[in-house]
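Trainee: One structure, as structure tokens, below. Some questions next.
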Amino acid sequence: MNADRMEESCRESPTDSDQGSPLETESSCQTATLVRGHGPRLSKINLFNLLSLWLELFPREKPEEDGNQIGKVGLVVVRDRKIVGLHYSGPELHAGQAAIVQHAARLADCQLYFSRRPCATCLKMIINAGVTEISFWPGDPEVSMLRSGSPAPSGSISEEAALDAVATEKLKSNSRVHICLLLQPLASGMVQFVAETSRECDFMVTLTDHEPDLNREELFHREQEKHLEDFSKRFLIADYHQHRELLTQMHLENFGVEPYFSNLRHNMGEVVKVLAAVVAGVPQRHYGFHREPPGPNTLVPSSMQDFARHCIIQARLLAYRTEDPKVGVGAVIWAKRKSAGLNGPRHLSLVGCGYNAYPAGSQYAEYPLMDDKQEDRNRRKYRYIVHAEQNALTFRTRDVHPEEDGMLFVTKCPCDECVPLIRGAGITHIFTSDQDRDRNKGDISYLRFSNLKDIQKFIWQREPATSSNITNGHACKRGMTEPEDTHNVKKFCGSKSNDDLSTTT
């Protein structure tokens with residue numbers, strides 16, 4: 001496929017309504033990007049792109065070698081509009097190679113979303129496996145053309161980068177695989193919506209509970225600006241003209257044609273803003289996931305903290321595909337060989353991921369949308385919405401084996417309806433917030449979570465060594481009582497609000 005065809009495919013990429021949610025039929029009107037009268041939602045294409053960008057930043061076990069020309073890459077593998085694989089480049093395997101090792105010929109008929117153009121080594125194997133579509137962001141490719149943080153002048157890129165660019169182009173041109181860029185404009189108001197809900201999410205609320213004098217808005221703004229600067233440098237390549245030069249070096253000159261190029265960078269800039277806001281909603285400071293109940297092994301190694309935070313942000317990204325008009329919940333399940341020890345992201349395999357939604361094939365407004373503040377219980381949503389954990393388990397790509405650690409990362413405390421499923425699926429570790437813990441709201445309750453004895457619970461809280469406000473293993477504000485039914489008025493996406501809903505990819 002030549003560059004002309006690539007540009008054409010980008011212009012004609014399907015709309016969100018064509019894609020649907022993982023549990024929906026093509027005709028479902030729930031697939032609209034905007035849920036009428038409520039907050040916007042991510043298109044599936046942009047969700048896959050966001051996850052691939054974030055996977056590029058997956059915590060590494062070993063420091064990178066200086067002068068390494070191979071750039072980090074994130075990869076999302078999709079089949080039938082469901083996520084079946086999340087991969088990232090490591091010290092030995094590239095992201096594409098990791099996908100081949102895990103899926104092999106099962107990649108046939110899959111769609112692959114890369115955070116940047118894969119190298120020829122990965123591309124030849126992926127094409128050979130029979131994938132139907134490859135999408136990538138046309139920034140600095142996997143075999144980097146950047147030197148000291150900026151593109152080299154024309155004609156002076158390294159020999160390896162030049163040879164790989166030629167080989168990649170020839171593989172692309174001779175392939176039957178549809179190779180393109182799928183990136184869509186965000187729904188109107190999406191960036192602001194994500195920023196507002198991230199600022200009020202459960203993880204930010206926990207900070208305020210511990211530190212009443214903390215200005216949450218100022219903290220969030222600082223975190224957001226910091227991440228936005230970092231992500232813009234990594235993905236956008238700060239200089240407009242340098243980016244166009246890179247496209248020429250990769251034989252993708254048609255991507256640099258105006259006004260398409262400016263629109264492309266604008267759309268990517270909006271996507272990067274969303275990612276920065278979601279990441280800012282889980283600030284590191286003196287907080288992290290710590291084991292409960294407190295004890296001698298409460299502290300979790302920093303490598304595991306980085307991994308857990310990365311995965312909970314994956315779940316928060318998924319939550320912005322929810323169909324619930326008020327609350328978004330996301331869940332990701334990873335399996336990890338116990339032989340590797342729970343001290344780093346080694347030997348990982350995706351089990352499943354999901355977000356809350358109505359059952360497959362349902363039409364918008366077919367089911368009740370009201371929450372527990374609605375007096376008429378017949379008009380409440382709780383009996384109809386499928387929870388994020390339920391979707392992640394229902395559409396999992398594999399089982400959790402007895403010799404593995406099954407790790408669930410969910411943006412909200414699991415409710416009583418999900419706890420037996422989590423236990424029965426072989427989950428051994430849960431990483432979550434606990435804003436609704438021990439609450440009974442009638443239609444939905446969170447009473448069973450505290451009584452889980454055979455599953456290790458890791459709660460987002462202040463570091464135990466510096467926290468004096470842990471009561472019965474539950475972090476809360478000093479002297480603050482826990483009424484049975486507070487936090488009823490919740491907001492979307494892991495905010496101080498998270499109902500029970502779900503859908504998977």
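Chain identifiers are assigned as A, B, and so on, following the order in which chains appear in the structure tokens; residues are numbered from 1 within each chain, and ligands are numbered from 1 in order of appearance.
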Can you tell me, as a list in words, which residues in stretch 351-469 of chain A count as helix (DSSP H, G or I) by DSSP?
Mentor: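 Across stretch 351-469 of chain A, those assigned helix (DSSP H, G or I) are Arg377, Asn378, Arg379, Ala388, Glu389, Gln390, Asn391, Ala392, Leu393, Thr394, Val419, Pro420, Leu421, Ile422, Arg423, Gly424, Phe449, Ser450 and Asn451 of chain A.
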Trainee: Residues of stretch 171-274 of chain A that approach stretch 136-139 of chain A to 9 Å or less, counting only C-alpha atoms: could you list each one with the shortest pair of atoms and its distance in Å to one decimal, rows by chain and increasing residue number, as JSON lines?
Mentor:
```
{"residue": "A:Ile179", "atom": "CA", "partner": "A:Phe136", "partner_atom": "CA", "distance": 8.2}
{"residue": "A:Cys180", "atom": "CA", "partner": "A:Phe136", "partner_atom": "CA", "distance": 6.8}
{"residue": "A:Leu181", "atom": "CA", "partner": "A:Phe136", "partner_atom": "CA", "distance": 5.5}
{"residue": "A:Leu182", "atom": "CA", "partner": "A:Phe136", "partner_atom": "CA", "distance": 7.5}
{"residue": "A:Leu183", "atom": "CA", "partner": "A:Trp137", "partner_atom": "CA", "distance": 8.4}
{"residue": "A:Arg234", "atom": "CA", "partner": "A:Gly139", "partner_atom": "CA", "distance": 8.8}
{"residue": "A:Phe235", "atom": "CA", "partner": "A:Gly139", "partner_atom": "CA", "distance": 6.5}
{"residue": "A:Leu236", "atom": "CA", "partner": "A:Gly139", "partner_atom": "CA", "distance": 6.7}
{"residue": "A:Ile237", "atom": "CA", "partner": "A:Gly139", "partner_atom": "CA", "distance": 7.2}
{"residue": "A:His243", "atom": "CA", "partner": "A:Gly139", "partner_atom": "CA", "distance": 7.0}
{"residue": "A:Leu246", "atom": "CA", "partner": "A:Gly139", "partner_atom": "CA", "distance": 7.3}
{"residue": "A:Leu247", "atom": "CA", "partner": "A:Pro138", "partner_atom": "CA", "distance": 7.2}
{"residue": "A:Met250", "atom": "CA", "partner": "A:Pro138", "partner_atom": "CA", "distance": 8.8}
{"residue": "A:Leu252", "atom": "CA", "partner": "A:Pro138", "partner_atom": "CA", "distance": 8.3}
{"residue": "A:Phe255", "atom": "CA", "partner": "A:Pro138", "partner_atom": "CA", "distance": 8.2}
{"residue": "A:Met268", "atom": "CA", "partner": "A:Trp137", "partner_atom": "CA", "distance": 8.7}
```
Trainee: Mind dumping the selected residues with N, CA and C atoms as an mmCIF file, in the first residue's frame?
Mentor:
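Okay, again38.cif is ready:
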```
data_model
loop_
_atom_site.group_PDB
_atom_site.id
_atom_site.type_symbol
_atom_site.label_atom_id
_atom_site.label_comp_id
_atom_site.auth_asym_id
_atom_site.auth_seq_id
_atom_site.Cartn_x
_atom_site.Cartn_y
_atom_site.Cartn_z
ATOM 1 N N ILE A 179 -2.857 -1.103 5.873
ATOM 2 C CA ILE A 179 -1.969 -0.376 6.775
ATOM 3 C C ILE A 179 -2.332 1.098 6.708
ATOM 4 N N CYS A 180 -2.671 1.696 7.830
ATOM 5 C CA CYS A 180 -3.261 3.025 7.806
ATOM 6 C C CYS A 180 -3.082 3.716 9.148
ATOM 7 N N LEU A 181 -3.641 4.891 9.239
ATOM 8 C CA LEU A 181 -3.762 5.597 10.510
ATOM 9 C C LEU A 181 -5.236 5.787 10.802
ATOM 10 N N LEU A 182 -5.700 5.236 11.918
ATOM 11 C CA LEU A 182 -7.080 5.430 12.354
ATOM 12 C C LEU A 182 -7.045 6.328 13.583
ATOM 13 N N LEU A 183 -7.445 7.552 13.391
ATOM 14 C CA LEU A 183 -7.482 8.524 14.476
ATOM 15 C C LEU A 183 -8.637 9.464 14.196
ATOM 16 N N ARG A 234 6.929 13.522 23.488
ATOM 17 C CA ARG A 234 7.125 12.131 23.074
ATOM 18 C C ARG A 234 6.347 11.791 21.817
ATOM 19 N N PHE A 235 5.090 12.176 21.752
ATOM 20 C CA PHE A 235 4.224 11.686 20.677
ATOM 21 C C PHE A 235 4.050 12.677 19.528
ATOM 22 N N LEU A 236 4.045 13.953 19.837
ATOM 23 C CA LEU A 236 3.767 14.935 18.792
ATOM 24 C C LEU A 236 5.010 15.440 18.084
ATOM 25 N N ILE A 237 6.157 15.341 18.746
ATOM 26 C CA ILE A 237 7.386 15.953 18.255
ATOM 27 C C ILE A 237 7.131 17.464 18.193
ATOM 28 N N HIS A 243 8.532 17.455 12.385
ATOM 29 C CA HIS A 243 7.623 16.327 12.198
ATOM 30 C C HIS A 243 7.427 16.050 10.708
ATOM 31 N N LEU A 246 10.383 14.265 9.330
ATOM 32 C CA LEU A 246 10.368 12.848 9.677
ATOM 33 C C LEU A 246 9.491 12.042 8.719
ATOM 34 N N LEU A 247 8.338 12.600 8.379
ATOM 35 C CA LEU A 247 7.429 11.910 7.457
ATOM 36 C C LEU A 247 8.102 11.685 6.116
ATOM 37 N N MET A 250 10.457 8.834 6.283
ATOM 38 C CA MET A 250 9.773 7.527 6.341
ATOM 39 C C MET A 250 9.002 7.220 5.066
ATOM 40 N N LEU A 252 6.522 8.917 3.880
ATOM 41 C CA LEU A 252 5.108 9.186 4.138
ATOM 42 C C LEU A 252 4.798 10.661 3.856
ATOM 43 N N PHE A 255 1.327 12.349 4.231
ATOM 44 C CA PHE A 255 0.831 12.733 5.552
ATOM 45 C C PHE A 255 1.110 14.201 5.848
ATOM 46 N N MET A 268 -4.352 14.555 17.237
ATOM 47 C CA MET A 268 -3.452 13.854 18.142
ATOM 48 C C MET A 268 -3.212 14.687 19.395
#
```
Trainee: Please identify all polymer residues within 12 Å of A:Phe231, counting only C-alpha atoms, omitting same-chain residues fewer than 4 positions from it, and present them as JSON, numbers by chain.
Mentor: {"A": [50, 53, 54, 56, 57, 224, 225, 226, 227, 235, 236, 237, 238, 268, 269, 270, 271, 272, 273, 274, 275, 276, 277, 279]}
Trainee: Separation of atom CA of A:Glu196 and atom CA of A:Gly39, in Å?
Mentor: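 Pair atom CA of A:Glu196 / atom CA of A:Gly39 returns 10.9 Å.
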Trainee: Can you work out which one of A:Val78, A:Leu51, A:Val73, A:Ile313 has the shortest atom-to-atom distance to A:Ala95, counting only C-alpha atoms?
Mentor: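 Closest to A:Ala95 of all the choices is A:Val73.
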Trainee: I'd like the interatomic distance between atom CA of A:Gln314 and atom CA of A:Ala388, to a tenth of an Å.
Mentor: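 Separation of atom CA of A:Gln314 and atom CA of A:Ala388: 12.8 Å.
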Trainee: Just the strand (DSSP E) stuff from stretch 430-464 of chain A, please, per backbone DSSP, written as a count of residues only.
Mentor: 10
Trainee: What's the separation between atom CA of A:Lys412 and atom CA of A:Val205, in Å to one decimal place?
Mentor: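 Going from atom CA of A:Lys412 over to atom CA of A:Val205 covers 12.5 Å.
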Trainee: My list of candidates is A:Leu447, A:Ile422, A:Val400, A:Met190. Which is closest to A:Val351 when distances are computed with only C-alpha atoms?
Mentor: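 Closest residue, counting only C-alpha atoms: A:Val400.
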Trainee: Please provide the set of residues having any atom within 12 Å of A:Leu421, restricted to only C-alpha atoms, with same-chain residues fewer than 6 positions apart removed, written as an NGL selection string.
Mentor: :A and (387-394 or 408 or 414-415 or 427)
Trainee: From the list A:Gln435, A:Glu159, A:Tyr446, A:Pro118, which residue is nearest A:Thr206 when using only C-alpha atoms?
Mentor: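 Ranked by minimum distance to A:Thr206, first place goes to A:Gln435.
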Trainee: Please identify all polymer residues within 12 Å of A:Glu223, counting only C-alpha atoms, omitting same-chain residues fewer than 3 positions from it, and present them as a ChimeraX atom specification.
Mentor: /A:195,198-199,204,216-220,226-230,273,275-285
